[in-house]
file query-v8.pdb (PDB, C-alpha atoms)
ATOM      1  CA  MET N1406     136.033 236.502 105.891
ATOM      2  CA  LYS N1407     134.967 236.218 102.285
ATOM      3  CA  ILE N1408     137.333 236.564  99.368
ATOM      4  CA  THR N1409     136.885 235.922  95.657
ATOM      5  CA  VAL N1410     139.365 233.610  93.933
ATOM      6  CA  ASN N1411     139.154 233.369  90.142
ATOM      7  CA  GLY N1412     135.555 234.538  90.290
ATOM      8  CA  GLU N1413     134.451 232.148  93.045
ATOM      9  CA  VAL N1414     133.610 233.353  96.540
ATOM     10  CA  ARG N1415     135.446 231.459  99.308
ATOM     11  CA  GLU N1416     135.068 231.608 103.044
ATOM     12  CA  LEU N1417     138.408 231.749 104.912
ATOM     13  CA  PRO N1418     139.228 231.924 108.610
ATOM     14  CA  ALA N1419     141.160 235.130 109.411
ATOM     15  CA  PRO N1420     144.052 235.767 109.507
ATOM     16  CA  ALA N1421     145.095 234.265 106.184
ATOM     17  CA  THR N1422     148.057 234.898 103.881
ATOM     18  CA  VAL N1423     148.613 234.327 100.182
ATOM     19  CA  ASP N1424     150.956 231.436 101.051
ATOM     20  CA  GLY N1425     148.291 229.833 103.226
ATOM     21  CA  LEU N1426     145.660 230.156 100.532
ATOM     22  CA  LEU N1427     147.929 228.551  97.937
ATOM     23  CA  ALA N1428     148.675 225.670 100.316
ATOM     24  CA  ASP N1429     144.917 225.181 100.882
ATOM     25  CA  LEU N1430     144.354 225.137  97.145
ATOM     26  CA  GLY N1431     147.295 222.773  96.614
ATOM     27  CA  LEU N1432     149.012 225.165  94.207
ATOM     28  CA  GLU N1433     152.741 225.263  93.582
ATOM     29  CA  PRO N1434     153.852 228.940  93.934
ATOM     30  CA  ARG N1435     156.535 228.658  91.228
ATOM     31  CA  LYS N1436     153.888 227.994  88.557
ATOM     32  CA  ILE N1437     151.677 230.996  89.186
ATOM     33  CA  ALA N1438     151.325 234.705  89.733
ATOM     34  CA  VAL N1439     148.814 235.954  92.292
ATOM     35  CA  GLU N1440     146.848 239.096  91.611
ATOM     36  CA  ARG N1441     145.172 240.797  94.534
ATOM     37  CA  ASN N1442     142.760 243.594  93.669
ATOM     38  CA  LEU N1443     144.392 244.040  90.232
ATOM     39  CA  GLU N1444     147.942 244.132  91.564
ATOM     40  CA  ILE N1445     150.515 241.324  91.367
ATOM     41  CA  VAL N1446     151.724 240.213  94.797
ATOM     42  CA  PRO N1447     155.550 239.928  94.679
ATOM     43  CA  LYS N1448     156.522 236.304  95.248
ATOM     44  CA  SER N1449     158.773 237.253  98.167
ATOM     45  CA  ALA N1450     155.691 238.744  99.876
ATOM     46  CA  PHE N1451     153.424 235.659  99.620
ATOM     47  CA  GLY N1452     154.086 234.783 103.271
ATOM     48  CA  SER N1453     153.652 238.313 104.616
ATOM     49  CA  THR N1454     150.654 239.442 102.557
ATOM     50  CA  GLU N1455     147.541 239.140 104.695
ATOM     51  CA  LEU N1456     144.247 238.762 102.931
ATOM     52  CA  ASN N1457     141.354 241.074 103.769
ATOM     53  CA  ASP N1458     137.618 240.539 103.631
ATOM     54  CA  GLY N1459     136.376 241.416 100.146
ATOM     55  CA  ASP N1460     139.738 240.847  98.400
ATOM     56  CA  ARG N1461     139.495 239.772  94.804
ATOM     57  CA  LEU N1462     142.250 237.394  93.792
ATOM     58  CA  GLU N1463     143.158 235.901  90.463
ATOM     59  CA  ILE N1464     145.589 233.049  90.281
ATOM     60  CA  VAL N1465     147.302 233.180  86.919
ATOM     61  CA  GLN N1466     149.241 230.243  85.487
ATOM     62  CA  PHE N1467     152.387 231.392  83.735
ATOM     63  CA  VAL N1468     152.548 230.635  80.038
ATOM     64  CA  GLY N1469     155.869 230.177  78.303
ATOM     65  CA  GLY N1470     155.214 229.664  74.609
ATOM     66  CA  GLY N1471     155.816 231.972  71.706
TER      67      GLY N1471
ATOM     68  CA  MET H 629     164.035 263.633  56.878
ATOM     69  CA  PRO H 630     160.575 264.686  55.639
ATOM     70  CA  LEU H 631     158.144 261.969  54.596
ATOM     71  CA  THR H 632     158.076 261.278  50.867
ATOM     72  CA  PRO H 633     154.766 261.477  48.931
ATOM     73  CA  ASP H 634     154.667 257.656  48.895
ATOM     74  CA  GLN H 635     155.186 257.530  52.645
ATOM     75  CA  LEU H 636     152.463 260.135  53.219
ATOM     76  CA  GLU H 637     150.124 257.841  51.302
ATOM     77  CA  ARG H 638     151.325 254.564  52.853
ATOM     78  CA  TYR H 639     151.015 255.833  56.424
ATOM     79  CA  LYS H 640     147.952 258.055  55.821
ATOM     80  CA  ARG H 641     145.798 256.214  58.387
ATOM     81  CA  HIS H 642     148.457 256.695  61.060
ATOM     82  CA  ILE H 643     149.029 260.318  60.164
ATOM     83  CA  LEU H 644     145.277 260.938  60.411
ATOM     84  CA  LEU H 645     145.447 260.002  64.090
ATOM     85  CA  PRO H 646     146.380 263.175  65.980
ATOM     86  CA  GLU H 647     148.037 260.987  68.644
ATOM     87  CA  ILE H 648     150.474 259.673  65.999
ATOM     88  CA  GLY H 649     150.567 262.229  63.185
ATOM     89  CA  GLY H 650     153.584 262.914  60.999
ATOM     90  CA  GLN H 651     155.820 263.173  64.053
ATOM     91  CA  GLY H 652     154.815 259.748  65.405
ATOM     92  CA  GLN H 653     155.254 258.221  61.975
ATOM     93  CA  GLN H 654     158.711 259.732  61.726
ATOM     94  CA  ALA H 655     159.527 258.268  65.163
ATOM     95  CA  LEU H 656     158.519 254.814  63.861
ATOM     96  CA  LEU H 657     160.652 255.237  60.738
ATOM     97  CA  ASP H 658     163.620 256.231  62.917
ATOM     98  CA  ALA H 659     163.139 253.349  65.391
ATOM     99  CA  ARG H 660     165.403 250.328  65.721
ATOM    100  CA  VAL H 661     163.872 247.245  67.309
ATOM    101  CA  LEU H 662     165.049 243.724  68.026
ATOM    102  CA  VAL H 663     162.407 241.006  67.733
ATOM    103  CA  VAL H 664     163.449 237.677  69.234
ATOM    104  CA  GLY H 665     161.452 234.699  68.007
ATOM    105  CA  ALA H 666     159.766 234.529  64.612
ATOM    106  CA  GLY H 667     157.107 232.020  65.668
ATOM    107  CA  GLY H 668     153.440 232.343  66.586
ATOM    108  CA  LEU H 669     153.941 235.682  68.326
ATOM    109  CA  GLY H 670     156.833 236.859  66.178
ATOM    110  CA  CYS H 671     154.816 236.592  62.948
ATOM    111  CA  PRO H 672     152.085 239.104  63.846
ATOM    112  CA  ILE H 673     154.494 241.305  65.819
ATOM    113  CA  LEU H 674     156.868 241.508  62.853
ATOM    114  CA  ALA H 675     154.130 241.958  60.268
ATOM    115  CA  TYR H 676     152.466 244.826  62.146
ATOM    116  CA  LEU H 677     155.754 246.551  62.936
ATOM    117  CA  ALA H 678     156.939 246.309  59.342
ATOM    118  CA  ALA H 679     153.585 247.495  57.978
ATOM    119  CA  ALA H 680     153.635 250.368  60.495
ATOM    120  CA  GLY H 681     156.963 251.526  59.075
ATOM    121  CA  VAL H 682     159.337 250.677  61.908
ATOM    122  CA  GLY H 683     162.549 251.632  60.147
ATOM    123  CA  HIS H 684     164.963 248.992  61.351
ATOM    124  CA  ILE H 685     163.946 245.507  62.452
ATOM    125  CA  ARG H 686     166.575 243.047  63.619
ATOM    126  CA  LEU H 687     165.019 239.617  63.959
ATOM    127  CA  CYS H 688     166.556 236.626  65.588
ATOM    128  CA  ASP H 689     165.413 233.003  65.346
ATOM    129  CA  ASP H 690     167.323 229.765  64.904
ATOM    130  CA  ASP H 691     164.434 227.547  63.803
ATOM    131  CA  GLY H 692     163.268 226.273  60.458
ATOM    132  CA  VAL H 693     159.633 226.360  59.324
ATOM    133  CA  ALA H 694     157.787 223.132  60.234
ATOM    134  CA  LEU H 695     154.425 221.875  59.009
ATOM    135  CA  SER H 696     152.977 222.107  62.536
ATOM    136  CA  ASN H 697     153.886 225.839  62.636
ATOM    137  CA  LEU H 698     151.558 226.760  59.801
ATOM    138  CA  GLN H 699     148.352 226.548  61.898
ATOM    139  CA  ARG H 700     149.357 229.899  63.461
ATOM    140  CA  GLN H 701     152.598 231.313  62.033
ATOM    141  CA  ILE H 702     151.010 233.398  59.342
ATOM    142  CA  LEU H 703     154.101 234.824  57.658
ATOM    143  CA  PHE H 704     155.006 231.366  56.311
ATOM    144  CA  THR H 705     153.603 229.210  53.546
ATOM    145  CA  THR H 706     153.637 225.484  52.868
ATOM    146  CA  ASP H 707     156.522 226.005  50.426
ATOM    147  CA  ASP H 708     158.658 227.390  53.262
ATOM    148  CA  ILE H 709     158.816 224.111  55.207
ATOM    149  CA  GLY H 710     162.430 223.363  56.129
ATOM    150  CA  LYS H 711     163.644 226.883  55.359
ATOM    151  CA  PRO H 712     165.023 229.206  58.066
ATOM    152  CA  LYS H 713     162.325 231.306  59.716
ATOM    153  CA  ALA H 714     164.493 234.389  60.170
ATOM    154  CA  THR H 715     165.351 234.629  56.484
ATOM    155  CA  MET H 716     161.852 233.749  55.241
ATOM    156  CA  ALA H 717     160.229 236.248  57.616
ATOM    157  CA  ALA H 718     162.677 238.952  56.542
ATOM    158  CA  GLU H 719     161.776 238.326  52.907
ATOM    159  CA  ARG H 720     158.028 238.711  53.660
ATOM    160  CA  LEU H 721     158.557 241.869  55.727
ATOM    161  CA  GLN H 722     160.640 243.435  53.007
ATOM    162  CA  ALA H 723     157.808 242.705  50.566
ATOM    163  CA  ILE H 724     155.215 244.194  52.951
ATOM    164  CA  ASN H 725     157.198 247.395  53.345
ATOM    165  CA  PRO H 726     160.418 248.342  51.547
ATOM    166  CA  ASP H 727     160.829 251.267  54.006
ATOM    167  CA  CYS H 728     162.019 248.753  56.621
ATOM    168  CA  THR H 729     165.565 247.593  56.833
ATOM    169  CA  VAL H 730     165.295 244.004  58.037
ATOM    170  CA  GLU H 731     168.297 242.221  59.503
ATOM    171  CA  ALA H 732     167.726 238.451  59.737
ATOM    172  CA  ILE H 733     169.881 236.673  62.286
ATOM    173  CA  GLU H 734     169.718 232.881  62.178
ATOM    174  CA  ALA H 735     170.858 232.257  65.715
ATOM    175  CA  ARG H 736     169.516 231.221  69.082
ATOM    176  CA  LEU H 737     169.549 233.987  71.653
ATOM    177  CA  THR H 738     171.706 233.023  74.648
ATOM    178  CA  THR H 739     173.512 234.802  77.464
ATOM    179  CA  ASN H 740     176.564 234.835  75.158
ATOM    180  CA  ASN H 741     175.086 236.844  72.283
ATOM    181  CA  ALA H 742     172.243 238.784  73.976
ATOM    182  CA  LYS H 743     174.149 241.994  74.594
ATOM    183  CA  GLU H 744     175.610 242.024  71.107
ATOM    184  CA  LEU H 745     172.144 241.517  69.593
ATOM    185  CA  LEU H 746     170.685 244.512  71.378
ATOM    186  CA  ASP H 747     173.486 246.863  70.376
ATOM    187  CA  GLY H 748     171.972 250.085  68.997
ATOM    188  CA  ILE H 749     168.412 248.910  69.722
ATOM    189  CA  ASP H 750     165.637 251.188  71.113
ATOM    190  CA  LEU H 751     163.281 248.403  72.156
ATOM    191  CA  VAL H 752     163.532 244.629  72.493
ATOM    192  CA  ILE H 753     160.399 242.583  71.829
ATOM    193  CA  GLU H 754     160.343 238.896  72.576
ATOM    194  CA  GLY H 755     157.986 236.103  71.673
ATOM    195  CA  VAL H 756     160.304 233.193  72.426
ATOM    196  CA  ASP H 757     159.353 229.691  73.508
ATOM    197  CA  ASN H 758     161.547 229.293  76.582
ATOM    198  CA  PHE H 759     162.341 230.970  79.884
ATOM    199  CA  ASP H 760     166.141 230.769  79.511
ATOM    200  CA  ALA H 761     166.004 233.193  76.572
ATOM    201  CA  ARG H 762     163.638 235.506  78.497
ATOM    202  CA  TYR H 763     166.028 235.588  81.455
ATOM    203  CA  ALA H 764     169.018 236.190  79.174
ATOM    204  CA  LEU H 765     167.189 239.093  77.526
ATOM    205  CA  ASN H 766     166.014 240.488  80.849
ATOM    206  CA  ASP H 767     169.581 240.485  82.214
ATOM    207  CA  ALA H 768     171.016 242.070  79.062
ATOM    208  CA  CYS H 769     168.267 244.718  79.027
ATOM    209  CA  LEU H 770     168.806 245.549  82.706
ATOM    210  CA  GLU H 771     172.531 245.838  82.146
ATOM    211  CA  THR H 772     172.267 248.078  79.101
ATOM    212  CA  GLY H 773     169.145 250.009  80.153
ATOM    213  CA  THR H 774     167.198 248.782  77.125
ATOM    214  CA  PRO H 775     163.380 248.731  77.292
ATOM    215  CA  PHE H 776     162.037 245.178  77.097
ATOM    216  CA  LEU H 777     158.600 244.090  75.904
ATOM    217  CA  SER H 778     157.816 240.491  76.787
ATOM    218  CA  ALA H 779     155.010 238.393  75.314
ATOM    219  CA  ALA H 780     154.096 234.781  76.033
ATOM    220  CA  ILE H 781     151.279 232.422  75.113
ATOM    221  CA  GLY H 782     150.049 228.938  75.874
ATOM    222  CA  ARG H 783     146.776 227.110  75.210
ATOM    223  CA  PHE H 784     144.113 229.873  75.279
ATOM    224  CA  ASP H 785     146.057 232.503  77.209
ATOM    225  CA  GLY H 786     148.595 235.252  76.798
ATOM    226  CA  GLN H 787     150.638 237.640  78.934
ATOM    227  CA  VAL H 788     152.305 240.873  77.790
ATOM    228  CA  ALA H 789     154.477 243.168  79.912
ATOM    229  CA  LEU H 790     156.729 246.138  79.235
ATOM    230  CA  PHE H 791     159.804 246.714  81.389
ATOM    231  CA  THR H 792     161.493 250.091  81.182
ATOM    232  CA  PRO H 793     164.653 251.104  83.035
ATOM    233  CA  GLY H 794     164.162 253.167  86.182
ATOM    234  CA  PRO H 795     164.732 253.048  89.920
ATOM    235  CA  ASP H 796     161.290 251.716  90.920
ATOM    236  CA  GLN H 797     160.511 249.757  87.770
ATOM    237  CA  PRO H 798     159.962 245.992  87.916
ATOM    238  CA  CYS H 799     161.835 243.602  85.631
ATOM    239  CA  TYR H 800     160.771 240.287  84.096
ATOM    240  CA  ARG H 801     162.056 238.322  87.094
ATOM    241  CA  CYS H 802     159.868 240.379  89.448
ATOM    242  CA  LEU H 803     157.004 238.641  87.624
ATOM    243  CA  VAL H 804     158.574 235.220  86.997
ATOM    244  CA  PRO H 805     161.463 234.782  89.471
ATOM    245  CA  GLU H 806     162.310 231.226  88.415
ATOM    246  CA  THR H 807     161.393 228.929  85.541
ATOM    247  CA  PRO H 808     157.895 227.645  86.308
ATOM    248  CA  PRO H 809     157.676 223.852  86.196
ATOM    249  CA  ASP H 810     155.374 222.660  83.375
ATOM    250  CA  ALA H 811     154.346 226.156  82.214
ATOM    251  CA  ALA H 812     152.051 225.886  79.215
ATOM    252  CA  ASP H 813     154.089 225.952  76.032
ATOM    253  CA  CYS H 814     152.718 225.476  72.555
ATOM    254  CA  GLU H 815     154.694 222.386  71.635
ATOM    255  CA  THR H 816     153.502 220.147  74.457
ATOM    256  CA  GLN H 817     150.167 221.650  75.521
ATOM    257  CA  GLY H 818     148.912 223.193  72.300
ATOM    258  CA  VAL H 819     147.676 226.665  71.448
ATOM    259  CA  LEU H 820     144.668 227.944  69.580
ATOM    260  CA  GLY H 821     146.036 229.569  66.416
ATOM    261  CA  ALA H 822     144.321 232.926  66.898
ATOM    262  CA  VAL H 823     145.782 233.377  70.406
ATOM    263  CA  PRO H 824     149.248 234.440  69.168
ATOM    264  CA  GLY H 825     147.408 236.681  66.693
ATOM    265  CA  ILE H 826     145.644 238.518  69.511
ATOM    266  CA  VAL H 827     148.577 238.586  71.896
ATOM    267  CA  GLY H 828     151.093 239.414  69.144
ATOM    268  CA  ALA H 829     148.920 242.310  67.983
ATOM    269  CA  VAL H 830     148.745 243.572  71.580
ATOM    270  CA  ALA H 831     152.548 243.402  71.756
ATOM    271  CA  ALA H 832     152.868 245.268  68.424
ATOM    272  CA  MET H 833     150.413 247.877  69.733
ATOM    273  CA  GLU H 834     152.480 248.355  72.898
ATOM    274  CA  ALA H 835     155.696 248.598  70.869
ATOM    275  CA  ILE H 836     154.150 251.318  68.701
ATOM    276  CA  ARG H 837     152.762 253.069  71.791
ATOM    277  CA  PHE H 838     156.215 253.013  73.358
ATOM    278  CA  LEU H 839     157.925 254.299  70.206
ATOM    279  CA  THR H 840     155.421 257.088  69.516
ATOM    280  CA  GLY H 841     154.331 257.927  73.076
ATOM    281  CA  PHE H 842     150.526 258.053  72.852
ATOM    282  CA  GLY H 843     148.142 257.128  75.656
ATOM    283  CA  GLU H 844     148.983 255.387  78.899
ATOM    284  CA  PRO H 845     152.213 253.331  78.807
ATOM    285  CA  LEU H 846     151.985 249.660  79.842
ATOM    286  CA  ALA H 847     155.253 249.887  81.833
ATOM    287  CA  GLY H 848     154.768 248.637  85.381
ATOM    288  CA  HIS H 849     151.779 246.509  84.371
ATOM    289  CA  VAL H 850     151.031 243.109  82.865
ATOM    290  CA  LEU H 851     148.271 242.613  80.370
ATOM    291  CA  ILE H 852     146.637 239.242  80.819
ATOM    292  CA  TYR H 853     144.470 237.786  78.071
ATOM    293  CA  ASN H 854     142.225 234.863  78.923
ATOM    294  CA  GLY H 855     140.888 233.315  75.744
ATOM    295  CA  MET H 856     138.737 230.779  77.550
ATOM    296  CA  ASN H 857     136.301 233.460  78.698
ATOM    297  CA  ALA H 858     137.352 236.359  76.435
ATOM    298  CA  THR H 859     138.606 238.677  79.182
ATOM    299  CA  THR H 860     141.603 240.997  79.349
ATOM    300  CA  ARG H 861     142.982 242.495  82.549
ATOM    301  CA  ARG H 862     145.620 245.172  83.025
ATOM    302  CA  VAL H 863     147.291 244.384  86.325
ATOM    303  CA  LYS H 864     149.790 246.468  88.233
ATOM    304  CA  LEU H 865     153.208 244.823  88.619
ATOM    305  CA  PRO H 866     155.234 246.223  91.525
ATOM    306  CA  ARG H 867     158.956 245.701  91.753
ATOM    307  CA  ASP H 868     159.853 242.725  93.962
ATOM    308  CA  PRO H 869     162.364 244.002  96.546
ATOM    309  CA  ALA H 870     163.803 240.456  96.683
ATOM    310  CA  CYS H 871     164.074 240.073  92.883
ATOM    311  CA  PRO H 872     167.177 238.045  92.006
ATOM    312  CA  ALA H 873     167.820 240.123  88.864
ATOM    313  CA  CYS H 874     167.076 243.773  89.623
ATOM    314  CA  SER H 875     167.091 244.162  93.415
ATOM    315  CA  ALA H 876     170.864 244.586  93.606
ATOM    316  CA  LYS H 877     170.957 247.100  90.780
ATOM    317  CA  GLY H 878     169.374 250.023  92.668
TER     318      GLY H 878
END

call {"tool": "encode", "arguments": {"input": "query-v8.pdb", "output": "structure tokens"}}
result
Amino acid sequence: MKITVNGEVRELPAPATVDGLLADLGLEPRKIAVERNLEIVPKSAFGSTELNDGDRLEIVQFVGGG
Amino acid sequence: MPLTPDQLERYKRHILLPEIGGQGQQALLDARVLVVGAGGLGCPILAYLAAAGVGHIRLCDDDGVALSNLQRQILFTTDDIGKPKATMAAERLQAINPDCTVEAIEARLTTNNAKELLDGIDLVIEGVDNFDARYALNDACLETGTPFLSAAIGRFDGQVALFTPGPDQPCYRCLVPETPPDAADCETQGVLGAVPGIVGAVAAMEAIRFLTGFGEPLAGHVLIYNGMNATTRRVKLPRDPACPACSAKG
């Protein structure tokens, strides 16, 4: 299946979860929020959220300054 | 209390907006807000809220003005270096608009004083530089049912979210469950000076929207500003059923 991550199209073997994608990308889940089709995926659901063909994801780094 | 002739003139451009009008302006004059952090975000948030006629502003910051603040913290001048931000900001806000009662509190917000600081407050707005203070505010707001507007910046980016009490509403920890390791902060990773201007103005806008009730509320969403490619997204934020802060509270 094809998904878009931060504007770039990626080919992924199905089934795939948010957790799996982050592991592939080498991203530490504590540092980021994941948006799927303009909705934040709750962190507790990273392992259970299956990605679908055509999903648009944005991986957002948290910022902490003021 | 009816608006005075001076107030009708001062707030004319608000009153001209049917979505605000005299009633919205009165709501701003009657509002009591707590702003935590008088830094990059706090400066524009405070300036716009004071200019808009928010009647009571309690502001809390324990820092002094430093030379490296002046690239972005626009309420302060070179002569202010070394002076307390809370007091200097309060002085500027009072000069911008004598309608505002400004309470300057030179203290660091912690779990010990958070609840006391939000006593009698309609809306808490934060632009602090650390996650501990955000968590302390989130907990105190959940406990007291106080609406909480959170703003954060780093490098070229900003994030703004409004959390309002309610059974299905998310809280700050539904978005950031634990302190992110090496999250961009201004001190170590830098920030473009206009970024807190943009993000702080968005936060002030959302505060005024919340207090006057026009348009579509931001509650339940995060607004994400990406200054590297000049995009803004409004993203839905569902409640996390496993949230360590709000899941047990029903």

call {"tool": "resolve_selection", "arguments": {"input": "query-v8.pdb", "expression": "the PyMOL selection byres ((chain N and resi 1440) around 9)", "output": "ChimeraX atom specification"}}
result
/N:1438-1439,1441-1446,1461-1465 /H:863-864

call {"tool": "axis_aligned_box", "arguments": {"input": "query-v8.pdb", "around": "segment 711-726 of chain H", "padding_each_side": "5 Å", "output": "AutoDock Vina command-line options"}}
result
--center_x 160.3 --center_y 237.6 --center_z 55.4 --size_x 20.1 --size_y 31.5 --size_z 19.6

call {"tool": "interface_residues", "arguments": {"input": "query-v8.pdb", "of": "chain N", "to": "chain H", "cutoff": "7 Å", "atoms": "all atoms listed in the file", "output": "mmCIF file with C-alpha atoms, keeping the file's coordinate frame"}}
result
data_model
loop_
_atom_site.group_PDB
_atom_site.id
_atom_site.type_symbol
_atom_site.label_atom_id
_atom_site.label_comp_id
_atom_site.auth_asym_id
_atom_site.auth_seq_id
_atom_site.Cartn_x
_atom_site.Cartn_y
_atom_site.Cartn_z
ATOM 1 C CA ARG N 1435 156.535 228.658 91.228
ATOM 2 C CA LYS N 1436 153.888 227.994 88.557
ATOM 3 C CA LEU N 1443 144.392 244.040 90.232
ATOM 4 C CA GLU N 1444 147.942 244.132 91.564
ATOM 5 C CA ILE N 1445 150.515 241.324 91.367
ATOM 6 C CA PRO N 1447 155.550 239.928 94.679
ATOM 7 C CA SER N 1449 158.773 237.253 98.167
ATOM 8 C CA PHE N 1467 152.387 231.392 83.735
ATOM 9 C CA VAL N 1468 152.548 230.635 80.038
ATOM 10 C CA GLY N 1469 155.869 230.177 78.303
ATOM 11 C CA GLY N 1470 155.214 229.664 74.609
ATOM 12 C CA GLY N 1471 155.816 231.972 71.706
#

call {"tool": "atom_distance", "arguments": {"input": "query-v8.pdb", "atom1": "atom CA of Asn766 of chain H", "atom2": "atom CA of Ala742 of chain H"}}
result
9.4 Å

call {"tool": "residues_around", "arguments": {"input": "query-v8.pdb", "residues": "Asp750 of chain H", "least_positions_apart": "5", "cutoff": "12 Å", "atoms": "only C-alpha atoms", "output": "ChimeraX atom specification"}}
result
/H:655-656,658-663,682-686,745,769,772-777,792-793,835-836,838-840

call {"tool": "write_last_selection", "arguments": {"input": "query-v8.pdb", "atoms": "C-alpha atoms", "output": "PDB file, in the frame of the given file"}}
result
ATOM      1  CA  ALA H 655     159.527 258.268  65.163  1.00  0.00           C
ATOM      2  CA  LEU H 656     158.519 254.814  63.861  1.00  0.00           C
ATOM      3  CA  ASP H 658     163.620 256.231  62.917  1.00  0.00           C
ATOM      4  CA  ALA H 659     163.139 253.349  65.391  1.00  0.00           C
ATOM      5  CA  ARG H 660     165.403 250.328  65.721  1.00  0.00           C
ATOM      6  CA  VAL H 661     163.872 247.245  67.309  1.00  0.00           C
ATOM      7  CA  LEU H 662     165.049 243.724  68.026  1.00  0.00           C
ATOM      8  CA  VAL H 663     162.407 241.006  67.733  1.00  0.00           C
ATOM      9  CA  VAL H 682     159.337 250.677  61.908  1.00  0.00           C
ATOM     10  CA  GLY H 683     162.549 251.632  60.147  1.00  0.00           C
ATOM     11  CA  HIS H 684     164.963 248.992  61.351  1.00  0.00           C
ATOM     12  CA  ILE H 685     163.946 245.507  62.452  1.00  0.00           C
ATOM     13  CA  ARG H 686     166.575 243.047  63.619  1.00  0.00           C
ATOM     14  CA  LEU H 745     172.144 241.517  69.593  1.00  0.00           C
ATOM     15  CA  CYS H 769     168.267 244.718  79.027  1.00  0.00           C
ATOM     16  CA  THR H 772     172.267 248.078  79.101  1.00  0.00           C
ATOM     17  CA  GLY H 773     169.145 250.009  80.153  1.00  0.00           C
ATOM     18  CA  THR H 774     167.198 248.782  77.125  1.00  0.00           C
ATOM     19  CA  PRO H 775     163.380 248.731  77.292  1.00  0.00           C
ATOM     20  CA  PHE H 776     162.037 245.178  77.097  1.00  0.00           C
ATOM     21  CA  LEU H 777     158.600 244.090  75.904  1.00  0.00           C
ATOM     22  CA  THR H 792     161.493 250.091  81.182  1.00  0.00           C
ATOM     23  CA  PRO H 793     164.653 251.104  83.035  1.00  0.00           C
ATOM     24  CA  ALA H 835     155.696 248.598  70.869  1.00  0.00           C
ATOM     25  CA  ILE H 836     154.150 251.318  68.701  1.00  0.00           C
ATOM     26  CA  PHE H 838     156.215 253.013  73.358  1.00  0.00           C
ATOM     27  CA  LEU H 839     157.925 254.299  70.206  1.00  0.00           C
ATOM     28  CA  THR H 840     155.421 257.088  69.516  1.00  0.00           C
TER      29      THR H 840
END

call {"tool": "atom_distance", "arguments": {"input": "query-v8.pdb", "atom1": "atom CA of Pro712 of chain H", "atom2": "atom CA of Leu695 of chain H"}}
result
12.9 Å

call {"tool": "resolve_selection", "arguments": {"input": "query-v8.pdb", "expression": "the PyMOL selection byres ((chain H and resi 629) around 10)", "output": "mmCIF file with C-alpha atoms, in the coordinates of the input"}}
result
data_model
loop_
_atom_site.group_PDB
_atom_site.id
_atom_site.type_symbol
_atom_site.label_atom_id
_atom_site.label_comp_id
_atom_site.auth_asym_id
_atom_site.auth_seq_id
_atom_site.Cartn_x
_atom_site.Cartn_y
_atom_site.Cartn_z
ATOM 1 C CA PRO H 630 160.575 264.686 55.639
ATOM 2 C CA LEU H 631 158.144 261.969 54.596
ATOM 3 C CA THR H 632 158.076 261.278 50.867
ATOM 4 C CA GLN H 654 158.711 259.732 61.726
ATOM 5 C CA LEU H 657 160.652 255.237 60.738
ATOM 6 C CA ASP H 658 163.620 256.231 62.917
#

call {"tool": "residues_near_point", "arguments": {"input": "query-v8.pdb", "point": "(165.8, 228.9, 65.1)", "cutoff": "8 Å", "atoms": "only C-alpha atoms", "output": "PyMOL selection string"}}
result
chain H and resi 665+688-692+712-714+734-736

call {"tool": "resolve_selection", "arguments": {"input": "query-v8.pdb", "expression": "the PyMOL selection byres ((chain N and resi 1454) around 10)", "output": "list in words"}}
result
Ala1421, Thr1422, Val1423, Asp1424, Gly1425, Arg1441, Val1446, Pro1447, Lys1448, Ser1449, Ala1450, Phe1451, Gly1452, Ser1453, Glu1455, Leu1456 and Asn1457 of chain N

call {"tool": "write_last_selection", "arguments": {"input": "query-v8.pdb", "atoms": "C-alpha atoms", "output": "JSON list (two decimals), in the frame of the given file"}}
result
[["chain", "number", "residue", "atom", "x", "y", "z"],
["N", 1421, "ALA", "CA", 145.10, 234.26, 106.18],
["N", 1422, "THR", "CA", 148.06, 234.90, 103.88],
["N", 1423, "VAL", "CA", 148.61, 234.33, 100.18],
["N", 1424, "ASP", "CA", 150.96, 231.44, 101.05],
["N", 1425, "GLY", "CA", 148.29, 229.83, 103.23],
["N", 1441, "ARG", "CA", 145.17, 240.80, 94.53],
["N", 1446, "VAL", "CA", 151.72, 240.21, 94.80],
["N", 1447, "PRO", "CA", 155.55, 239.93, 94.68],
["N", 1448, "LYS", "CA", 156.52, 236.30, 95.25],
["N", 1449, "SER", "CA", 158.77, 237.25, 98.17],
["N", 1450, "ALA", "CA", 155.69, 238.74, 99.88],
["N", 1451, "PHE", "CA", 153.42, 235.66, 99.62],
["N", 1452, "GLY", "CA", 154.09, 234.78, 103.27],
["N", 1453, "SER", "CA", 153.65, 238.31, 104.62],
["N", 1455, "GLU", "CA", 147.54, 239.14, 104.70],
["N", 1456, "LEU", "CA", 144.25, 238.76, 102.93],
["N", 1457, "ASN", "CA", 141.35, 241.07, 103.77]]

call {"tool": "atom_distance", "arguments": {"input": "query-v8.pdb", "atom1": "atom CA of Leu820 of chain H", "atom2": "atom CA of Thr859 of chain H"}}
result
15.6 Å

call {"tool": "closest_residue", "arguments": {"input": "query-v8.pdb", "among": "N:Met1406, N:Pro1420, N:Glu1413, N:Glu1433", "to": "Asp1458 of chain N", "atoms": "all atoms listed in the file"}}
result
N:Met1406
